[in-house]
Amino acid sequence: MTTAPPLPATPPAEKLTLAVVAAGLLALLLALADADAGRQSLWFYLALALVSGGTLAWSWLKFGGAPAGVQHHNLWLRASTGRGAVAWVTGLVLTGFYVVLYWYSGDDGHGHFGPLDHLVHALDGFSQWLRARPADQWFLYGTFYTLAVLLMGGRALWKYRHSRYQLIRTASVMFFQLGFAFLIPGVLLFFQQPEFYFSYFWPLKYDYLFPGTVTSLLQNGGLGIFMVFWGAVMSLLATPVLTYFFGKRWYCSWVCGCGGLAETAGDPYRQLSDKSRAAWRWEVRLIYPILGIIVAITALLWVHFATGGTLLGQAGTVAAKWYGFAIGSVFSGVIGVGFYPIMGSRVWCRFGCPMAAYLGLLQKHFSRFRISTNGGQCISCGNCSNVCEMGIDVKQYAQRGEPIIRAACVGCGLCSTACPRGVLNLENGPRQGRYQGAQLIHADSLRILS
Amino acid sequence: MHLVIVGNGITGVSCALAVRRLRPEARITLVSAESPHHYSRTALMYVYMGHLRPQDIKPYEDWFWEENRLTLVHATATALSTREHRLSLDNGTTLAYDQLLLATGSESRRPDWPGQHLAGVQGLYGLPDLEAMARDTHGISRGVVVGGGLIGVELAEMLHSRGIEPLVLVRDAHYWASVLPPEEANLVDRQFEENHVPVRYRTELREILGDAQGRVRAVRTTAGKEIACQWVGLAVGVTPNLALARTDPAVETDRGILVDEHLRTSVPNVWAAGDCAQHRRPGAGQVPIEQLWYTGRMQGETVAHTLCGQPTAYRRGVWFNSAKFFNLEYQTYGEAPAGPVPGVESFYWEHPSGRAALRVYFRAGAPHAVLGFNALGLRLRQAVCEQWILAQAPVTTVLAHLGAANFDPEFFPQHEPAVLAAFRRQFPQLPVALKQRKGLWGLRLPFTT
């Protein structure tokens, strides 16, 4: 199209709330810059208050005011969500934050945390209260991360309030992020226990089944033994069983923290995922080898451990270190979240996450889950493909009347929510006939030939 | 065989794909002036509203056509010579064919309203319309939509998404009166109200008034009222596009291109399907010209079989359709008349919120075979509804197993008990008890007996 349709003006009240968010980000910069320790804290908490209040008020005005329903007006036309200038700036800031966080914010031995030092120390009080120890850069990151899931989760709750599936699912990721990935690990530290995340499992949290982690947890006694047991059971037993009954979604879009961020903070960017066949080929080329690599590294480490360190030398340890750098830091963090505004919210989950690969294989071959297509009702409008954060071209299946069974599908349910004709439905049912398409769509079907 | 298909809409493309499947060696050429690649006409509104980009409404990626050896010609077919088996194109070339499918679709209907040629007056059918609308609605404050059908509500929603005030003129006393019973229409009206879209019922357009530059400045209604506006959308239906067919007198046309049940025109080796075709002898209860996405697809697939040596009569089967009115989804299956029909009863349930409703049509006489469904704000499983209708299942059986047809997402409220309670109140002489809630497992039960 040569003519872009006109964008409606943003209402003044919405502009005001966005200004509050901007003021909050400014306060965060002041906290970074101000040398006075007392004022740092003040700026920091002022920033959190302004960003939180502004975001929630904006969400309420933006989505709460309109009647409940799909609210995607101007999604591709706004610079922020349509790969415009705002998106590129956001992407650069996020990427920059991850680079600083991962490689320039370590403790220098004197309690200084690089450029983020002031922000880290602003959290000391809260960290002492929750974890009985001063804050570090990872606690700052965890706080920001959880806040992002909660605030943008609030936005998602308003936006998708017409769908109970979306409401319950969003509440679930908010609950698991706040409880399992933030408060419980903090409280464990408070009680001098190992910092353990009960909602992350091998092979995503790859070191949980490494001999080093296992032996150190076992040395911890009671709770440590339970943690090893929990990790092993969840990875090797619960994952296949739950995926058999509910598909990959029980984890990826209901529990996982990466998924939680994607479904909340990443929701404005879900349409940006690449739906092309070329992207699908890259997905297959990357995600299964990464799963293979982490399985191999884990096996190497255990062989090394079992042979008392005599066999294979340090190969496993070195490989684990490189894996941690390339996959754990660069891929999942810098690219995975930093590129949200450009490549969509699930780049890591789709191309990199070994847990997603493992769950995907189970979903494709050993599961009762599928997205059913309602007979011949599809009109090929493309809304389902558009909202698929995993880049599945959903309409290819829907317009053929076929059920959607793809390893990548995380079961967020947005295709079903966005479908204007009620064509798609996430269902668990008998495995028999799971791949069978509708009889209503092709001329070779009984309807026309009989 | 060289098959030339004029039109790359759903009908032409469905035919091309089916022929490719049945006859891998066939040479297939698709001619279209509108767009280089097939796109989904039904999704035009989402591009205007910014939900999708123009490239997102292509059902197939661009590599698809070459990989499947489907030749695309982006040109207008200006003349047809059936005697010479030849098609002339506006780029100066000609195309020879062995078989020709006319799938030229429709054009917006434009009754003779004074002022309908002013700038800023248009219908919504194709890409040029979308472009005109994007251009002509820039910076305007009000647009008038004429017509109380599916495109009317789409145009209203499109304007509304831009903060432009739509005003809808509807000829009948309620919305889409030819299709929806008053109760259903009332729920649609509530959507208009909720979105602050004014609708004038029992009001028709008399004339469109222009300014000195030849642009729309107002409309005058049959009530004599002048309404200021800067844009007018005409959504009073479409009519078959006969421009090409009429260039060869051998091709018989009426309102559409006349076809028999095999979609054969009056000329050998020339076929017509989809919006542009008019059936000489439509099936019982069916209209001669069908202008739906689904029927276009079915006709395209049907004619493909005949073209490939498997003569197949077009049989539409159990009627179905769907739409969305702002936030209210609509599905219909089978016979669902707008008004009373002798021998047909209907049962209607509406949720107190006014956001969900179900109507079930059935025969007045025992065993009260089910005939059709209207669903608003809830989703029904097409395969189950169709099976019930074909099997002439008694309405009491249908209601007892209503959960089998429930296609709503997980955790959505299940209305079956409330629906049954309402049925017992309205038809106390027909006892029924709920036997089945929703779910795929239920489909294995013999729910149609």
# chains A, B, ... in the order shown; residues from 1 in each chain; ligands from 1
$ residues_around --residues "B:Ser178" --least-positions-apart "5" --cutoff "12 Å" --atoms "only C-alpha atoms" --output "NGL selection string"
:B and (147-150 or 170-173 or 184-185 or 336-339)
$ write_last_selection --atoms "N, CA and C atoms" --output "PDB file, in the first residue's frame"
ATOM      1  N   GLY B 147     -25.757   0.903   4.640  1.00  0.00           N
ATOM      2  CA  GLY B 147     -25.970  -0.534   4.515  1.00  0.00           C
ATOM      3  C   GLY B 147     -25.860  -1.248   5.836  1.00  0.00           C
ATOM      4  N   GLY B 148     -26.821  -2.099   6.100  1.00  0.00           N
ATOM      5  CA  GLY B 148     -26.861  -2.822   7.367  1.00  0.00           C
ATOM      6  C   GLY B 148     -26.488  -4.279   7.190  1.00  0.00           C
ATOM      7  N   GLY B 149     -25.383  -4.533   6.520  1.00  0.00           N
ATOM      8  CA  GLY B 149     -24.925  -5.916   6.352  1.00  0.00           C
ATOM      9  C   GLY B 149     -23.553  -6.091   6.963  1.00  0.00           C
ATOM     10  N   LEU B 150     -22.832  -7.121   6.495  1.00  0.00           N
ATOM     11  CA  LEU B 150     -21.533  -7.436   7.092  1.00  0.00           C
ATOM     12  C   LEU B 150     -20.483  -6.374   6.796  1.00  0.00           C
ATOM     13  N   VAL B 170     -29.316   2.299   8.020  1.00  0.00           N
ATOM     14  CA  VAL B 170     -29.843   0.951   7.793  1.00  0.00           C
ATOM     15  C   VAL B 170     -31.283   1.073   7.310  1.00  0.00           C
ATOM     16  N   ARG B 171     -31.576   0.431   6.186  1.00  0.00           N
ATOM     17  CA  ARG B 171     -32.911   0.548   5.586  1.00  0.00           C
ATOM     18  C   ARG B 171     -33.984  -0.085   6.474  1.00  0.00           C
ATOM     19  N   ASP B 172     -33.652  -1.244   7.068  1.00  0.00           N
ATOM     20  CA  ASP B 172     -34.666  -1.998   7.803  1.00  0.00           C
ATOM     21  C   ASP B 172     -34.789  -1.522   9.246  1.00  0.00           C
ATOM     22  N   ALA B 173     -35.755  -2.142   9.933  1.00  0.00           N
ATOM     23  CA  ALA B 173     -36.021  -1.739  11.315  1.00  0.00           C
ATOM     24  C   ALA B 173     -34.952  -2.257  12.255  1.00  0.00           C
ATOM     25  N   GLU B 184     -31.298 -11.464  17.804  1.00  0.00           N
ATOM     26  CA  GLU B 184     -29.875 -11.472  17.474  1.00  0.00           C
ATOM     27  C   GLU B 184     -29.443 -10.071  17.024  1.00  0.00           C
ATOM     28  N   ALA B 185     -30.290  -9.455  16.190  1.00  0.00           N
ATOM     29  CA  ALA B 185     -29.961  -8.114  15.699  1.00  0.00           C
ATOM     30  C   ALA B 185     -29.832  -7.132  16.860  1.00  0.00           C
ATOM     31  N   ALA B 336     -31.453 -21.207   9.051  1.00  0.00           N
ATOM     32  CA  ALA B 336     -31.618 -20.270  10.163  1.00  0.00           C
ATOM     33  C   ALA B 336     -32.339 -19.025   9.668  1.00  0.00           C
ATOM     34  N   PRO B 337     -33.630 -19.157   9.367  1.00  0.00           N
ATOM     35  CA  PRO B 337     -34.356 -18.029   8.779  1.00  0.00           C
ATOM     36  C   PRO B 337     -34.521 -16.861   9.758  1.00  0.00           C
ATOM     37  N   ALA B 338     -34.623 -15.650   9.170  1.00  0.00           N
ATOM     38  CA  ALA B 338     -34.717 -14.440   9.995  1.00  0.00           C
ATOM     39  C   ALA B 338     -36.099 -14.279  10.616  1.00  0.00           C
ATOM     40  N   GLY B 339     -37.115 -14.813   9.947  1.00  0.00           N
ATOM     41  CA  GLY B 339     -38.470 -14.644  10.462  1.00  0.00           C
ATOM     42  C   GLY B 339     -39.185 -15.977  10.559  1.00  0.00           C
TER      43      GLY B 339
END
$ residues_around --residues "A:Leu178" --least-positions-apart "2" --cutoff "12 Å" --atoms "only C-alpha atoms" --output "number ranges by chain"
A: 142-151, 153, 171-176, 180-186, 197-199, 255-257, 260-261
$ select_by_dssp --residues "stretch 81-316 of chain B" --states "strand (DSSP E or B)" --output "PyMOL selection string"
chain B and resi 81+86-89+94-96+99-102+106-108+119+121-122+142-146+165-169+199-200+205-210+215-221+226-228+231-234+238-240+253+257-259+264+270-272+277-279
$ select_by_dssp --residues "stretch 171-341 of chain A" --states "alpha helix (DSSP H)" --output "PyMOL selection string"
chain A and resi 171-175+184-190+211-219+222-233+239-246+249-252+257-264+277-306+315-323+336-338+340-341
$ closest_residue --among "A:Val70, A:Ala356, A:Cys412, A:Ala122" --to "A:Ala35" --atoms "only C-alpha atoms"
A:Ala122
$ atom_distance --atom1 "atom CA of B:Leu328" --atom2 "atom CA of A:Arg421"
9.9 Å
$ residues_around --residues "A:Cys252" --least-positions-apart "2" --cutoff "12 Å" --atoms "only C-alpha atoms" --output "PDB file with C-alpha atoms, in the first residue's frame"
ATOM      1  CA  ARG A 169      -2.648 -18.036  32.333  1.00  0.00           C
ATOM      2  CA  THR A 170      -1.353 -14.506  32.907  1.00  0.00           C
ATOM      3  CA  SER A 172      -0.131 -18.047  36.632  1.00  0.00           C
ATOM      4  CA  VAL A 173       3.066 -16.630  35.099  1.00  0.00           C
ATOM      5  CA  PHE A 176       5.387 -18.265  39.455  1.00  0.00           C
ATOM      6  CA  SER A 199      10.391 -23.310  38.601  1.00  0.00           C
ATOM      7  CA  TYR A 200      13.500 -23.818  36.448  1.00  0.00           C
ATOM      8  CA  PHE A 201      14.674 -27.245  35.367  1.00  0.00           C
ATOM      9  CA  LEU A 204      17.045 -24.842  30.653  1.00  0.00           C
ATOM     10  CA  THR A 239       7.971 -33.019  32.243  1.00  0.00           C
ATOM     11  CA  LEU A 242       2.574 -33.183  32.173  1.00  0.00           C
ATOM     12  CA  THR A 243       3.399 -32.647  28.512  1.00  0.00           C
ATOM     13  CA  PHE A 246      -1.433 -30.771  28.529  1.00  0.00           C
ATOM     14  CA  GLY A 247       1.247 -30.148  25.912  1.00  0.00           C
ATOM     15  CA  LYS A 248       4.267 -27.930  26.255  1.00  0.00           C
ATOM     16  CA  ARG A 249       2.169 -25.071  27.543  1.00  0.00           C
ATOM     17  CA  TRP A 250       2.015 -26.344  31.115  1.00  0.00           C
ATOM     18  CA  TRP A 254       2.160 -21.004  32.431  1.00  0.00           C
ATOM     19  CA  VAL A 255       5.237 -21.448  34.654  1.00  0.00           C
ATOM     20  CA  CYS A 256       8.545 -20.540  33.016  1.00  0.00           C
ATOM     21  CA  GLY A 257      10.066 -17.154  33.848  1.00  0.00           C
ATOM     22  CA  CYS A 258      11.390 -16.579  30.323  1.00  0.00           C
ATOM     23  CA  GLY A 259       7.913 -17.361  29.049  1.00  0.00           C
ATOM     24  CA  GLY A 260       6.460 -15.186  31.785  1.00  0.00           C
ATOM     25  CA  LEU A 261       8.435 -12.175  30.607  1.00  0.00           C
ATOM     26  CA  ALA A 262       7.557 -12.899  26.974  1.00  0.00           C
ATOM     27  CA  GLU A 263       3.842 -13.157  27.740  1.00  0.00           C
ATOM     28  CA  ARG A 346      10.191 -15.468  21.933  1.00  0.00           C
ATOM     29  CA  TRP A 348      15.206 -17.369  22.811  1.00  0.00           C
ATOM     30  CA  CYS A 349      12.309 -19.764  23.380  1.00  0.00           C
ATOM     31  CA  ARG A 350      11.978 -20.444  19.687  1.00  0.00           C
ATOM     32  CA  CYS A 353      15.956 -22.933  24.567  1.00  0.00           C
ATOM     33  CA  PRO A 354      16.886 -26.611  25.030  1.00  0.00           C
ATOM     34  CA  MET A 355      13.966 -27.097  27.433  1.00  0.00           C
ATOM     35  CA  ALA A 356      11.620 -25.869  24.679  1.00  0.00           C
ATOM     36  CA  ALA A 357      13.258 -28.326  22.272  1.00  0.00           C
ATOM     37  CA  TYR A 358      12.779 -31.189  24.732  1.00  0.00           C
ATOM     38  CA  LEU A 359       9.170 -30.209  25.477  1.00  0.00           C
ATOM     39  CA  GLY A 360       8.543 -29.707  21.780  1.00  0.00           C
ATOM     40  CA  GLN A 363       4.487 -32.386  22.390  1.00  0.00           C
ATOM     41  CA  GLU A 389       4.931 -15.277  19.182  1.00  0.00           C
ATOM     42  CA  MET A 390       6.612 -18.545  18.167  1.00  0.00           C
ATOM     43  CA  ALA A 407       6.840 -28.666  18.409  1.00  0.00           C
ATOM     44  CA  ALA A 408       7.229 -24.902  18.795  1.00  0.00           C
ATOM     45  CA  CYS A 409       3.686 -24.124  20.015  1.00  0.00           C
ATOM     46  CA  VAL A 410       3.797 -22.894  23.620  1.00  0.00           C
ATOM     47  CA  GLY A 411       0.006 -22.898  23.946  1.00  0.00           C
ATOM     48  CA  CYS A 412      -0.351 -19.214  24.804  1.00  0.00           C
ATOM     49  CA  GLY A 413      -3.785 -19.395  23.186  1.00  0.00           C
TER      50      GLY A 413
END
$ residues_around --residues "B:Pro128" --least-positions-apart "3" --cutoff "8 Å" --atoms "only C-alpha atoms" --output "list in words"
Glu34, Glu131 and Ala132 of chain B
$ residues_around --residues "B:Leu402" --least-positions-apart "6" --cutoff "10 Å" --atoms "only C-alpha atoms" --output "list in words"
Leu380, Val384, Cys385, Val395, Thr396, His415, Glu416, Pro417, Val419, Leu420, Leu434, Lys435, Gln436, Arg437, Lys438 and Phe447 of chain B
$ write_last_selection --atoms "N, CA and C atoms" --output "PDB file, in the first residue's frame"
ATOM      1  N   LEU B 380     -19.424 -22.752  18.267  1.00  0.00           N
ATOM      2  CA  LEU B 380     -19.968 -24.101  18.109  1.00  0.00           C
ATOM      3  C   LEU B 380     -19.074 -24.900  17.165  1.00  0.00           C
ATOM      4  N   VAL B 384     -19.911 -31.140  14.510  1.00  0.00           N
ATOM      5  CA  VAL B 384     -20.993 -31.702  15.324  1.00  0.00           C
ATOM      6  C   VAL B 384     -22.340 -31.147  14.874  1.00  0.00           C
ATOM      7  N   CYS B 385     -22.402 -29.827  14.662  1.00  0.00           N
ATOM      8  CA  CYS B 385     -23.669 -29.228  14.222  1.00  0.00           C
ATOM      9  C   CYS B 385     -24.107 -29.827  12.893  1.00  0.00           C
ATOM     10  N   VAL B 395     -34.379 -32.274  18.550  1.00  0.00           N
ATOM     11  CA  VAL B 395     -33.834 -31.137  19.274  1.00  0.00           C
ATOM     12  C   VAL B 395     -33.499 -31.505  20.723  1.00  0.00           C
ATOM     13  N   THR B 396     -34.266 -32.437  21.292  1.00  0.00           N
ATOM     14  CA  THR B 396     -33.987 -32.829  22.681  1.00  0.00           C
ATOM     15  C   THR B 396     -32.644 -33.566  22.773  1.00  0.00           C
ATOM     16  N   HIS B 415     -22.428 -22.641  29.292  1.00  0.00           N
ATOM     17  CA  HIS B 415     -23.808 -22.184  29.410  1.00  0.00           C
ATOM     18  C   HIS B 415     -24.832 -23.292  29.287  1.00  0.00           C
ATOM     19  N   GLU B 416     -24.396 -24.543  29.072  1.00  0.00           N
ATOM     20  CA  GLU B 416     -25.350 -25.608  28.762  1.00  0.00           C
ATOM     21  C   GLU B 416     -26.481 -25.724  29.798  1.00  0.00           C
ATOM     22  N   PRO B 417     -26.189 -25.715  31.115  1.00  0.00           N
ATOM     23  CA  PRO B 417     -27.295 -25.837  32.079  1.00  0.00           C
ATOM     24  C   PRO B 417     -28.307 -24.697  31.949  1.00  0.00           C
ATOM     25  N   VAL B 419     -28.916 -22.933  29.263  1.00  0.00           N
ATOM     26  CA  VAL B 419     -29.619 -23.099  27.996  1.00  0.00           C
ATOM     27  C   VAL B 419     -30.748 -24.123  28.164  1.00  0.00           C
ATOM     28  N   LEU B 420     -30.434 -25.219  28.836  1.00  0.00           N
ATOM     29  CA  LEU B 420     -31.450 -26.260  29.025  1.00  0.00           C
ATOM     30  C   LEU B 420     -32.602 -25.782  29.906  1.00  0.00           C
ATOM     31  N   LEU B 434     -29.592 -32.679  30.668  1.00  0.00           N
ATOM     32  CA  LEU B 434     -28.222 -32.502  30.186  1.00  0.00           C
ATOM     33  C   LEU B 434     -27.418 -33.775  30.414  1.00  0.00           C
ATOM     34  N   LYS B 435     -26.834 -34.284  29.338  1.00  0.00           N
ATOM     35  CA  LYS B 435     -26.064 -35.525  29.477  1.00  0.00           C
ATOM     36  C   LYS B 435     -24.590 -35.288  29.241  1.00  0.00           C
ATOM     37  N   GLN B 436     -24.260 -34.164  28.609  1.00  0.00           N
ATOM     38  CA  GLN B 436     -22.869 -34.022  28.208  1.00  0.00           C
ATOM     39  C   GLN B 436     -22.376 -32.598  28.274  1.00  0.00           C
ATOM     40  N   ARG B 437     -21.276 -32.399  29.001  1.00  0.00           N
ATOM     41  CA  ARG B 437     -20.601 -31.113  29.004  1.00  0.00           C
ATOM     42  C   ARG B 437     -19.574 -31.133  27.885  1.00  0.00           C
ATOM     43  N   LYS B 438     -18.786 -30.070  27.802  1.00  0.00           N
ATOM     44  CA  LYS B 438     -17.889 -29.927  26.658  1.00  0.00           C
ATOM     45  C   LYS B 438     -16.677 -30.861  26.721  1.00  0.00           C
ATOM     46  N   PHE B 447     -23.324 -39.383  20.403  1.00  0.00           N
ATOM     47  CA  PHE B 447     -24.214 -38.302  20.822  1.00  0.00           C
ATOM     48  C   PHE B 447     -25.319 -37.992  19.833  1.00  0.00           C
TER      49      PHE B 447
END
$ residues_around --residues "B:Arg255" --least-positions-apart "6" --cutoff "12 Å" --atoms "only C-alpha atoms" --output "number ranges by chain"
B: 106, 238-243, 245-246, 275-280, 288-290
$ residues_around --residues "B:Gly152" --least-positions-apart "6" --cutoff "10 Å" --atoms "only C-alpha atoms" --output "number ranges by chain"
B: 123-124, 144-146, 158, 168-170, 175-176, 233-237, 325
